[in-house]
file query-v5.cif (mmCIF, C-alpha atoms)
data_start
#
loop_
_atom_site.label_atom_id
_atom_site.label_comp_id
_atom_site.auth_asym_id
_atom_site.auth_seq_id
_atom_site.Cartn_x
_atom_site.Cartn_y
_atom_site.Cartn_z
CA ASN A 119 18.08 -16.56 21.11
CA LEU A 120 20.03 -14.56 18.53
CA ASN A 121 22.89 -17.06 18.42
CA ILE A 122 20.43 -19.75 17.35
CA ILE A 123 19.04 -17.42 14.65
CA LYS A 124 22.56 -16.71 13.37
CA LYS A 125 23.31 -20.45 13.21
CA ILE A 126 20.05 -21.04 11.32
CA ILE A 127 20.94 -18.33 8.78
CA LEU A 128 24.44 -19.73 8.27
CA SER A 129 22.98 -23.21 7.84
CA VAL A 130 20.46 -21.94 5.29
CA ILE A 131 23.24 -20.20 3.34
CA ALA A 132 25.19 -23.48 3.28
CA ILE A 133 22.09 -25.32 2.07
CA ALA A 134 21.63 -22.68 -0.64
CA ALA A 135 25.20 -23.14 -1.86
CA PHE A 136 24.64 -26.88 -2.06
CA GLY A 137 21.23 -26.31 -3.63
CA PHE A 138 22.62 -24.45 -6.62
CA SER A 139 24.60 -27.55 -7.56
CA GLN A 140 21.63 -29.87 -7.01
CA ALA A 141 18.76 -27.73 -8.30
CA GLN A 142 16.49 -28.93 -11.08
CA GLU A 143 15.83 -25.32 -12.04
CA VAL A 144 17.00 -21.84 -10.98
CA LYS A 145 14.91 -18.75 -11.79
CA TYR A 146 15.93 -15.13 -11.20
CA GLY A 147 13.59 -12.19 -10.87
CA ALA A 148 12.69 -8.83 -9.39
CA LYS A 149 9.98 -7.96 -6.88
CA ALA A 150 8.47 -4.84 -5.33
CA GLY A 151 5.53 -3.92 -3.16
CA LEU A 152 4.06 -2.18 -0.13
CA ASN A 153 4.94 -2.45 3.56
CA LEU A 154 2.63 -1.88 6.51
CA ALA A 155 5.16 -1.41 9.30
CA THR A 156 5.17 -0.67 13.01
CA LEU A 157 7.21 -1.51 16.13
CA SER A 158 6.25 -4.02 18.80
CA GLY A 159 7.65 -4.76 22.26
CA ASP A 160 7.68 -2.11 24.99
CA ILE A 161 6.69 0.65 22.55
CA GLU A 162 3.34 2.30 23.38
CA ASP A 163 1.08 4.56 21.29
CA SER A 164 2.68 3.42 18.03
CA ASN A 165 0.75 3.33 14.77
CA SER A 166 1.45 1.59 11.50
CA LYS A 167 2.94 3.43 8.55
CA ILE A 168 3.08 2.62 4.84
CA GLY A 169 6.43 1.98 3.20
CA PHE A 170 7.78 -0.04 0.29
CA HIS A 171 10.25 -2.78 -0.59
CA ILE A 172 12.08 -3.47 -3.84
CA GLY A 173 14.79 -5.90 -4.86
CA ALA A 174 15.74 -9.18 -6.48
CA PHE A 175 15.39 -12.91 -5.79
CA ALA A 176 16.51 -16.33 -7.00
CA GLU A 177 14.25 -19.36 -6.75
CA ILE A 178 16.15 -22.65 -6.55
CA LYS A 179 13.74 -25.49 -7.30
CA PHE A 180 14.70 -28.90 -5.89
CA THR A 181 11.48 -30.74 -6.73
CA GLU A 182 8.01 -29.85 -7.98
CA LYS A 183 6.98 -29.24 -4.36
CA PHE A 184 10.03 -27.71 -2.68
CA SER A 185 12.24 -24.74 -3.48
CA PHE A 186 14.53 -22.25 -1.77
CA GLN A 187 14.33 -18.50 -2.41
CA PRO A 188 17.03 -16.09 -1.18
CA GLU A 189 16.22 -12.40 -1.68
CA LEU A 190 17.92 -9.01 -1.45
CA LEU A 191 15.49 -6.17 -0.63
CA ILE A 192 15.58 -2.49 0.24
CA SER A 193 12.76 -2.03 2.76
CA THR A 194 11.38 1.17 4.35
CA GLN A 195 9.95 0.51 7.80
CA GLY A 196 9.45 2.25 11.15
CA ALA A 197 6.35 3.56 12.92
CA LYS A 198 4.30 6.64 13.72
CA TYR A 199 3.58 7.90 17.24
CA GLU A 200 0.90 10.26 18.48
CA TYR A 201 0.36 11.26 22.10
CA SER A 202 -1.71 14.07 23.64
CA GLU A 203 -2.86 15.07 27.10
CA THR A 204 -4.99 17.87 28.59
CA GLU A 205 -5.49 19.09 32.16
CA ILE A 206 -7.64 21.85 33.65
CA PHE A 207 -6.31 24.26 36.29
CA GLY A 208 -8.46 27.11 37.61
CA GLY A 209 -10.88 26.81 34.71
CA THR A 210 -8.10 26.96 32.08
CA GLU A 211 -7.35 23.96 29.88
CA PHE A 212 -3.68 23.19 29.27
CA GLY A 213 -2.69 20.59 26.74
CA PHE A 214 0.23 19.21 24.80
CA SER A 215 0.69 16.80 21.92
CA GLU A 216 3.65 14.98 20.36
CA GLU A 217 3.88 13.41 16.92
CA SER A 218 6.77 11.40 15.54
CA ASN A 219 7.33 9.70 12.19
CA LEU A 220 10.22 7.23 12.48
CA LYS A 221 11.63 6.21 9.09
CA LEU A 222 13.93 3.16 9.11
CA THR A 223 15.51 1.84 5.90
CA TYR A 224 16.97 -1.68 5.85
CA LEU A 225 18.82 -3.86 3.38
CA ASN A 226 17.05 -7.15 4.14
CA ILE A 227 18.11 -10.66 3.14
CA PRO A 228 15.21 -13.12 3.51
CA LEU A 229 16.09 -16.81 3.10
CA MET A 230 12.81 -18.53 2.31
CA ALA A 231 11.89 -22.20 2.11
CA LYS A 232 8.86 -22.68 -0.17
CA TYR A 233 6.37 -25.53 -0.37
CA TYR A 234 4.02 -25.68 -3.36
CA ALA A 235 0.64 -26.94 -2.17
CA THR A 236 -0.47 -26.72 -5.81
CA SER A 237 1.34 -25.81 -9.01
CA LYS A 238 0.48 -22.14 -8.41
CA PHE A 239 -0.03 -21.73 -4.64
CA SER A 240 2.91 -21.84 -2.20
CA LEU A 241 3.59 -21.55 1.51
CA GLU A 242 6.87 -20.01 2.67
CA VAL A 243 8.87 -19.59 5.87
CA GLY A 244 12.41 -18.55 6.64
CA PRO A 245 14.80 -16.34 8.62
CA GLN A 246 15.84 -12.83 7.67
CA ILE A 247 18.83 -10.67 8.46
CA GLY A 248 18.58 -6.90 8.00
CA PHE A 249 21.26 -4.21 7.82
CA LEU A 250 20.21 -0.71 8.87
CA VAL A 251 20.92 1.79 6.07
CA SER A 252 19.39 4.93 7.60
CA ALA A 253 17.17 6.07 10.47
CA LYS A 254 15.46 9.46 10.40
CA GLU A 255 12.68 11.05 12.43
CA ASP A 256 10.17 13.85 11.78
CA TYR A 257 9.10 15.35 15.14
CA GLU A 258 6.47 17.88 16.23
CA TYR A 259 5.58 19.16 19.73
CA VAL A 260 2.67 21.52 20.48
CA GLU A 261 1.43 23.15 23.72
CA THR A 262 -2.06 24.71 23.89
CA ILE A 263 -4.06 26.91 26.25
CA ASP A 264 -7.84 26.64 25.91
CA GLY A 265 -7.32 25.03 22.52
CA ASP A 266 -5.07 27.78 21.13
CA VAL A 267 -1.44 27.07 20.29
CA ASP A 268 0.88 28.61 22.90
CA TYR A 269 4.15 26.98 21.83
CA SER A 270 5.26 24.62 19.10
CA GLU A 271 8.44 23.16 17.67
CA SER A 272 9.10 20.76 14.82
CA GLU A 273 12.02 19.29 12.92
CA ASP A 274 12.15 16.97 9.93
CA GLY A 275 14.81 14.49 8.91
CA ILE A 276 16.55 14.16 12.28
CA ASP A 277 19.34 11.58 12.00
CA VAL A 278 18.71 9.03 14.76
CA LYS A 279 20.75 6.12 13.37
CA ASP A 280 23.00 6.03 16.46
CA ASN A 281 19.92 5.10 18.52
CA PHE A 282 19.39 1.84 16.61
CA LYS A 283 21.39 -1.36 16.16
CA SER A 284 22.96 -1.91 12.78
CA ILE A 285 21.73 -5.52 12.40
CA ASP A 286 18.23 -6.94 12.80
CA PHE A 287 17.05 -10.56 12.84
CA GLY A 288 13.57 -11.87 12.16
CA MET A 289 11.40 -14.67 10.80
CA ASN A 290 9.16 -14.46 7.73
CA PHE A 291 5.88 -16.30 7.12
CA GLY A 292 4.02 -15.95 3.84
CA LEU A 293 1.84 -17.13 0.99
CA GLY A 294 2.56 -16.91 -2.73
CA TYR A 295 0.62 -17.34 -5.94
CA ASN A 296 2.00 -17.72 -9.48
CA PHE A 297 -0.33 -16.20 -12.06
CA THR A 298 1.97 -17.37 -14.88
CA ASP A 299 5.48 -18.80 -15.12
CA ASN A 300 6.81 -15.21 -14.92
CA VAL A 301 4.32 -13.22 -12.80
CA SER A 302 3.66 -13.86 -9.11
CA ALA A 303 2.19 -12.20 -6.04
CA GLY A 304 2.80 -12.74 -2.35
CA ILE A 305 1.82 -11.67 1.13
CA ARG A 306 4.30 -11.97 3.99
CA TYR A 307 4.68 -11.11 7.66
CA ASN A 308 8.09 -10.30 9.12
CA LEU A 309 8.25 -10.98 12.87
CA GLY A 310 11.17 -9.12 14.39
CA LEU A 311 13.07 -11.23 16.93
CA SER A 312 15.84 -8.87 18.05
CA ASN A 313 15.77 -5.61 19.99
CA ILE A 314 16.58 -2.88 17.46
CA LEU A 315 17.26 -0.18 20.08
CA GLU A 316 20.86 0.69 21.02
CA ASP A 317 21.76 1.03 24.73
CA SER A 318 18.10 0.82 25.81
CA GLY A 319 18.51 -1.24 28.99
CA ASP A 320 15.45 -3.41 29.58
CA PHE A 321 13.34 -1.38 27.14
CA GLU A 322 12.95 -3.25 23.84
CA ALA A 323 11.41 -2.73 20.41
CA GLN A 324 11.12 -5.11 17.46
CA ASN A 325 10.21 -4.58 13.83
CA SER A 326 6.80 -5.83 12.69
CA VAL A 327 6.06 -5.65 8.97
CA PHE A 328 3.33 -6.91 6.64
CA GLN A 329 4.32 -7.01 2.96
CA LEU A 330 2.34 -7.27 -0.25
CA SER A 331 4.52 -8.00 -3.31
CA LEU A 332 4.47 -8.47 -7.05
CA GLY A 333 7.29 -10.43 -8.67
CA TYR A 334 8.49 -10.94 -12.22
#
call {"tool": "encode", "arguments": {"input": "query-v5.cif", "output": "structure tokens"}}
result
Amino acid sequence: NLNIIKKIILSVIAIAAFGFSQAQEVKYGAKAGLNLATLSGDIEDSNSKIGFHIGAFAEIKFTEKFSFQPELLISTQGAKYEYSETEIFGGTEFGFSEESNLKLTYLNIPLMAKYYATSKFSLEVGPQIGFLVSAKEDYEYVETIDGDVDYSESEDGIDVKDNFKSIDFGMNFGLGYNFTDNVSAGIRYNLGLSNILEDSGDFEAQNSVFQLSLGY
């Protein structure tokens, strides 16, 4: 339920505001890394694509074991699609194929609760709100006869932002490791909870993103 997610995010923001006044320590930093993104839900024939994320964070430490980490990240997501089909009529093979590269860029705000199992190793979980910055698609369509191209069309950088909702909600689950007091690494999965498609009826799609990060 999106209303519940919104309430959780507002509650976490309130906790963060209180946390700054109660924190034992507050650290600020930057992070960047790779995304392995796709779309889940009613989408078929989708494949993962590689993207990136980059941004800043603040870690508000309440105790040695517990901290809160809000982040602000630019994240490139989306998915790739490939579909082909062939049929034979009168001894002649007719085929067609479609390829699409959907490129979604979000401004994401993860709000992560962290538990330090050891002084270096942490577990993290928290909600995320994302604001769609851009949505573009590279598209190619090809028809063949007996394996030879009979017709093709392609277009890159098609603006498809109107087809997607401007706000996305999700939950993050991750692991972190501090190599030193200043250098860390993390792996995270973002589970999309809201339908990102605009005016899609009962057809739904959610973001699904694995992230590998380095922080300083």
call {"tool": "closest_residue", "arguments": {"input": "query-v5.cif", "among": "A:Lys221, A:Lys149, A:Lys183, A:Lys283", "to": "A:Thr236", "atoms": "only C-alpha atoms"}}
result
A:Lys183
call {"tool": "residues_around", "arguments": {"input": "query-v5.cif", "residues": "A:Glu203", "least_positions_apart": "2", "cutoff": "9 Å", "atoms": "only C-alpha atoms", "output": "PDB file with C-alpha atoms, in the frame of the given file"}}
result
ATOM      1  CA  TYR A 201       0.360  11.260  22.100  1.00  0.00           C
ATOM      2  CA  GLU A 205      -5.490  19.090  32.160  1.00  0.00           C
ATOM      3  CA  PHE A 212      -3.680  23.190  29.270  1.00  0.00           C
ATOM      4  CA  GLY A 213      -2.690  20.590  26.740  1.00  0.00           C
ATOM      5  CA  PHE A 214       0.230  19.210  24.800  1.00  0.00           C
ATOM      6  CA  SER A 215       0.690  16.800  21.920  1.00  0.00           C
TER       7      SER A 215
END
call {"tool": "closest_residue", "arguments": {"input": "query-v5.cif", "among": "A:Gly310, A:Gly196, A:Gly304, A:Gly265", "to": "A:Gly159", "atoms": "all atoms listed in the file"}}
result
A:Gly310
call {"tool": "resolve_selection", "arguments": {"input": "query-v5.cif", "expression": "the PyMOL selection byres ((chain A and resi 328) around 12)", "output": "PDB file with C-alpha atoms, keeping the file's coordinate frame"}}
result
ATOM      1  CA  GLY A 151       5.530  -3.920  -3.160  1.00  0.00           C
ATOM      2  CA  LEU A 152       4.060  -2.180  -0.130  1.00  0.00           C
ATOM      3  CA  ASN A 153       4.940  -2.450   3.560  1.00  0.00           C
ATOM      4  CA  LEU A 154       2.630  -1.880   6.510  1.00  0.00           C
ATOM      5  CA  ALA A 155       5.160  -1.410   9.300  1.00  0.00           C
ATOM      6  CA  THR A 156       5.170  -0.670  13.010  1.00  0.00           C
ATOM      7  CA  LEU A 157       7.210  -1.510  16.130  1.00  0.00           C
ATOM      8  CA  SER A 166       1.450   1.590  11.500  1.00  0.00           C
ATOM      9  CA  LYS A 167       2.940   3.430   8.550  1.00  0.00           C
ATOM     10  CA  ILE A 168       3.080   2.620   4.840  1.00  0.00           C
ATOM     11  CA  GLY A 169       6.430   1.980   3.200  1.00  0.00           C
ATOM     12  CA  PHE A 170       7.780  -0.040   0.290  1.00  0.00           C
ATOM     13  CA  HIS A 171      10.250  -2.780  -0.590  1.00  0.00           C
ATOM     14  CA  SER A 193      12.760  -2.030   2.760  1.00  0.00           C
ATOM     15  CA  THR A 194      11.380   1.170   4.350  1.00  0.00           C
ATOM     16  CA  GLN A 195       9.950   0.510   7.800  1.00  0.00           C
ATOM     17  CA  GLY A 196       9.450   2.250  11.150  1.00  0.00           C
ATOM     18  CA  MET A 289      11.400 -14.670  10.800  1.00  0.00           C
ATOM     19  CA  ASN A 290       9.160 -14.460   7.730  1.00  0.00           C
ATOM     20  CA  PHE A 291       5.880 -16.300   7.120  1.00  0.00           C
ATOM     21  CA  GLY A 292       4.020 -15.950   3.840  1.00  0.00           C
ATOM     22  CA  LEU A 293       1.840 -17.130   0.990  1.00  0.00           C
ATOM     23  CA  GLY A 304       2.800 -12.740  -2.350  1.00  0.00           C
ATOM     24  CA  ILE A 305       1.820 -11.670   1.130  1.00  0.00           C
ATOM     25  CA  ARG A 306       4.300 -11.970   3.990  1.00  0.00           C
ATOM     26  CA  TYR A 307       4.680 -11.110   7.660  1.00  0.00           C
ATOM     27  CA  ASN A 308       8.090 -10.300   9.120  1.00  0.00           C
ATOM     28  CA  LEU A 309       8.250 -10.980  12.870  1.00  0.00           C
ATOM     29  CA  GLY A 310      11.170  -9.120  14.390  1.00  0.00           C
ATOM     30  CA  ASN A 325      10.210  -4.580  13.830  1.00  0.00           C
ATOM     31  CA  SER A 326       6.800  -5.830  12.690  1.00  0.00           C
ATOM     32  CA  VAL A 327       6.060  -5.650   8.970  1.00  0.00           C
ATOM     33  CA  GLN A 329       4.320  -7.010   2.960  1.00  0.00           C
ATOM     34  CA  LEU A 330       2.340  -7.270  -0.250  1.00  0.00           C
ATOM     35  CA  SER A 331       4.520  -8.000  -3.310  1.00  0.00           C
TER      36      SER A 331
END
call {"tool": "atom_distance", "arguments": {"input": "query-v5.cif", "atom1": "atom CA of A:Val243", "atom2": "atom CA of A:Thr181"}}
result
17.0 Å
call {"tool": "build_atoms", "arguments": {"input": "query-v5.cif", "residues": "stretch 175-194 of chain A", "atoms": "N, CA and C atoms", "output": "PDB file, keeping the file's coordinate frame"}}
result
ATOM      1  N   PHE A 175      15.433 -11.596  -6.432  1.00  0.00           N
ATOM      2  CA  PHE A 175      15.390 -12.910  -5.790  1.00  0.00           C
ATOM      3  C   PHE A 175      15.875 -13.968  -6.774  1.00  0.00           C
ATOM      4  N   ALA A 176      16.211 -15.136  -6.214  1.00  0.00           N
ATOM      5  CA  ALA A 176      16.510 -16.330  -7.000  1.00  0.00           C
ATOM      6  C   ALA A 176      15.713 -17.477  -6.405  1.00  0.00           C
ATOM      7  N   GLU A 177      14.992 -18.193  -7.235  1.00  0.00           N
ATOM      8  CA  GLU A 177      14.250 -19.360  -6.750  1.00  0.00           C
ATOM      9  C   GLU A 177      14.963 -20.626  -7.233  1.00  0.00           C
ATOM     10  N   ILE A 178      15.422 -21.413  -6.266  1.00  0.00           N
ATOM     11  CA  ILE A 178      16.150 -22.650  -6.550  1.00  0.00           C
ATOM     12  C   ILE A 178      15.184 -23.812  -6.327  1.00  0.00           C
ATOM     13  N   LYS A 179      14.759 -24.447  -7.395  1.00  0.00           N
ATOM     14  CA  LYS A 179      13.740 -25.490  -7.300  1.00  0.00           C
ATOM     15  C   LYS A 179      14.418 -26.854  -7.202  1.00  0.00           C
ATOM     16  N   PHE A 180      14.149 -27.564  -6.082  1.00  0.00           N
ATOM     17  CA  PHE A 180      14.700 -28.900  -5.890  1.00  0.00           C
ATOM     18  C   PHE A 180      13.788 -29.972  -6.473  1.00  0.00           C
ATOM     19  N   THR A 181      12.482 -29.825  -6.204  1.00  0.00           N
ATOM     20  CA  THR A 181      11.480 -30.740  -6.730  1.00  0.00           C
ATOM     21  C   THR A 181      10.282 -29.910  -7.165  1.00  0.00           C
ATOM     22  N   GLU A 182       9.222 -30.570  -7.612  1.00  0.00           N
ATOM     23  CA  GLU A 182       8.010 -29.850  -7.980  1.00  0.00           C
ATOM     24  C   GLU A 182       7.359 -29.182  -6.764  1.00  0.00           C
ATOM     25  N   LYS A 183       7.633 -29.732  -5.574  1.00  0.00           N
ATOM     26  CA  LYS A 183       6.980 -29.240  -4.360  1.00  0.00           C
ATOM     27  C   LYS A 183       7.845 -28.287  -3.532  1.00  0.00           C
ATOM     28  N   PHE A 184       9.164 -28.457  -3.589  1.00  0.00           N
ATOM     29  CA  PHE A 184      10.030 -27.710  -2.680  1.00  0.00           C
ATOM     30  C   PHE A 184      11.036 -26.855  -3.445  1.00  0.00           C
ATOM     31  N   SER A 185      11.217 -25.616  -2.921  1.00  0.00           N
ATOM     32  CA  SER A 185      12.240 -24.740  -3.480  1.00  0.00           C
ATOM     33  C   SER A 185      12.779 -23.831  -2.380  1.00  0.00           C
ATOM     34  N   PHE A 186      13.887 -23.176  -2.691  1.00  0.00           N
ATOM     35  CA  PHE A 186      14.530 -22.250  -1.770  1.00  0.00           C
ATOM     36  C   PHE A 186      14.690 -20.913  -2.476  1.00  0.00           C
ATOM     37  N   GLN A 187      14.337 -19.819  -1.765  1.00  0.00           N
ATOM     38  CA  GLN A 187      14.330 -18.500  -2.410  1.00  0.00           C
ATOM     39  C   GLN A 187      15.067 -17.467  -1.559  1.00  0.00           C
ATOM     40  N   PRO A 188      16.343 -17.212  -1.823  1.00  0.00           N
ATOM     41  CA  PRO A 188      17.030 -16.090  -1.180  1.00  0.00           C
ATOM     42  C   PRO A 188      16.676 -14.782  -1.894  1.00  0.00           C
ATOM     43  N   GLU A 189      16.601 -13.694  -1.124  1.00  0.00           N
ATOM     44  CA  GLU A 189      16.220 -12.400  -1.680  1.00  0.00           C
ATOM     45  C   GLU A 189      17.145 -11.306  -1.157  1.00  0.00           C
ATOM     46  N   LEU A 190      17.184 -10.201  -1.873  1.00  0.00           N
ATOM     47  CA  LEU A 190      17.920  -9.010  -1.450  1.00  0.00           C
ATOM     48  C   LEU A 190      16.991  -7.813  -1.669  1.00  0.00           C
ATOM     49  N   LEU A 191      16.540  -7.185  -0.558  1.00  0.00           N
ATOM     50  CA  LEU A 191      15.490  -6.170  -0.630  1.00  0.00           C
ATOM     51  C   LEU A 191      15.879  -4.904   0.120  1.00  0.00           C
ATOM     52  N   ILE A 192      15.612  -3.761  -0.483  1.00  0.00           N
ATOM     53  CA  ILE A 192      15.580  -2.490   0.240  1.00  0.00           C
ATOM     54  C   ILE A 192      14.179  -2.326   0.802  1.00  0.00           C
ATOM     55  N   SER A 193      14.072  -2.069   2.107  1.00  0.00           N
ATOM     56  CA  SER A 193      12.760  -2.030   2.760  1.00  0.00           C
ATOM     57  C   SER A 193      12.663  -0.806   3.667  1.00  0.00           C
ATOM     58  N   THR A 194      11.610   0.004   3.485  1.00  0.00           N
ATOM     59  CA  THR A 194      11.380   1.170   4.350  1.00  0.00           C
ATOM     60  C   THR A 194      10.358   0.785   5.412  1.00  0.00           C
TER      61      THR A 194
END
